[in-house]
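Asker: One structure follows; several queries about it will come next.
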Amino acid sequence: MDELFAVLADPTRRRVVQLLGERPRRAGELAQAAGVSPPVVSRHLRILLAAGVVSDERVAGDARLRVFRLRPESLVALRAWLDQVQAHWAEQLGSFKRHVETRGERHVETRGERHVETRGERERRV
């Protein structure tokens with residue numbers, strides 16, 4: 001996972017991954033869409049290929065022409081980790097919300113009736 005984070009730390013590589021998430025493309029198309037030169041996109045594609053994030057295939061009839069595709073299975077571990085982090089923070093924020101809500105209320109008995117007094121009511125009374 002650390003290697004994947006290192007690979008995706010570069011904004012150009014993230015843009016290439018985003019573009020390949022839309023559809024397979026040739027290197028020239030990626031360079032143009034990402035706004036970088038062909039040698040720059042070629043360098044980034046080599047890194048993405050080595051990390052297993054993208055794959056390439058040769059076009060029949062022209063051995064020089066390659067089409068690059070995103071390998072979504074390479075991002076499964078990243079997605080699982082992000083889901084765990086999100087679940088943890090959702091739980092923490094929910095717990096914090098419940099804590100704040102209960103701290104702002106106080107149960108008060110008035111003439112045998114139970115009432116929840118909010119912080120605002122308490123401040124007005126004081």
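By order in the structure tokens, chains are A, B, ...; within a chain, residues start at 1; ligands start at 1, following the order shown.
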Write out as a PyMOL selection string the residues lying within 12 Å of A:Ser55, counting only C-alpha atoms and excluding same-chain residues fewer than 3 positions away.
Answerer: chain A and resi 17+20+24-27+45-52+58+66-74
Asker: Considering only strand (DSSP E or B) as DSSP defines it on the backbone, what residues of chain A qualify? List them as a ChimeraX atom specification.
Answerer: /A:25-26,54-59,62-70,105-110,113-118
Asker: Counting only C-alpha atoms, which residue out of A:Glu57, A:Asp62, A:Asp10, A:Glu91 sits closest to A:His44?
Answerer: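 Among the listed residues, A:Asp10 lies closest to A:His44.
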Asker: From a backbone DSSP assignment, name each residue in stretch 55-100 of chain A labelled alpha helix (DSSP H), as a PyMOL selection string.
Answerer: chain A and resi 76-100
Asker: Using C-alpha atoms, can you export the residues from the last selection as a short mmCIF file (atom, residue, chain, number, x, y, z; two decimals), in the first residue's frame?
Answerer:
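The resulting file, selection-v2.cif, is shown below:
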```cif
data_model
loop_
_atom_site.label_atom_id
_atom_site.label_comp_id
_atom_site.auth_asym_id
_atom_site.auth_seq_id
_atom_site.Cartn_x
_atom_site.Cartn_y
_atom_site.Cartn_z
CA VAL A 76 -8.91 -2.51 -4.19
CA ALA A 77 -6.56 -2.41 -1.18
CA LEU A 78 -6.54 1.38 -1.26
CA ARG A 79 -10.34 1.49 -1.38
CA ALA A 80 -10.61 -0.96 1.53
CA TRP A 81 -8.23 1.15 3.62
CA LEU A 82 -10.15 4.35 2.81
CA ASP A 83 -13.43 2.64 3.74
CA GLN A 84 -11.94 1.67 7.13
CA VAL A 85 -10.74 5.21 7.77
CA GLN A 86 -14.12 6.64 6.77
CA ALA A 87 -15.99 4.20 9.04
CA HIS A 88 -13.70 5.05 11.95
CA TRP A 89 -14.25 8.80 11.52
CA ALA A 90 -18.00 8.39 11.06
CA GLU A 91 -18.10 6.46 14.35
CA GLN A 92 -15.93 9.05 16.13
CA LEU A 93 -17.98 11.99 14.85
CA GLY A 94 -21.23 10.25 15.77
CA SER A 95 -19.92 9.63 19.27
CA PHE A 96 -18.81 13.25 19.58
CA LYS A 97 -22.22 14.48 18.37
CA ARG A 98 -24.01 12.34 20.97
CA HIS A 99 -21.66 13.64 23.65
CA VAL A 100 -22.28 17.28 22.73
#
```
Asker: So what do you get for atom CA of A:Arg15 versus atom CA of A:Val40, distance-wise?
Answerer: 12.7 Å
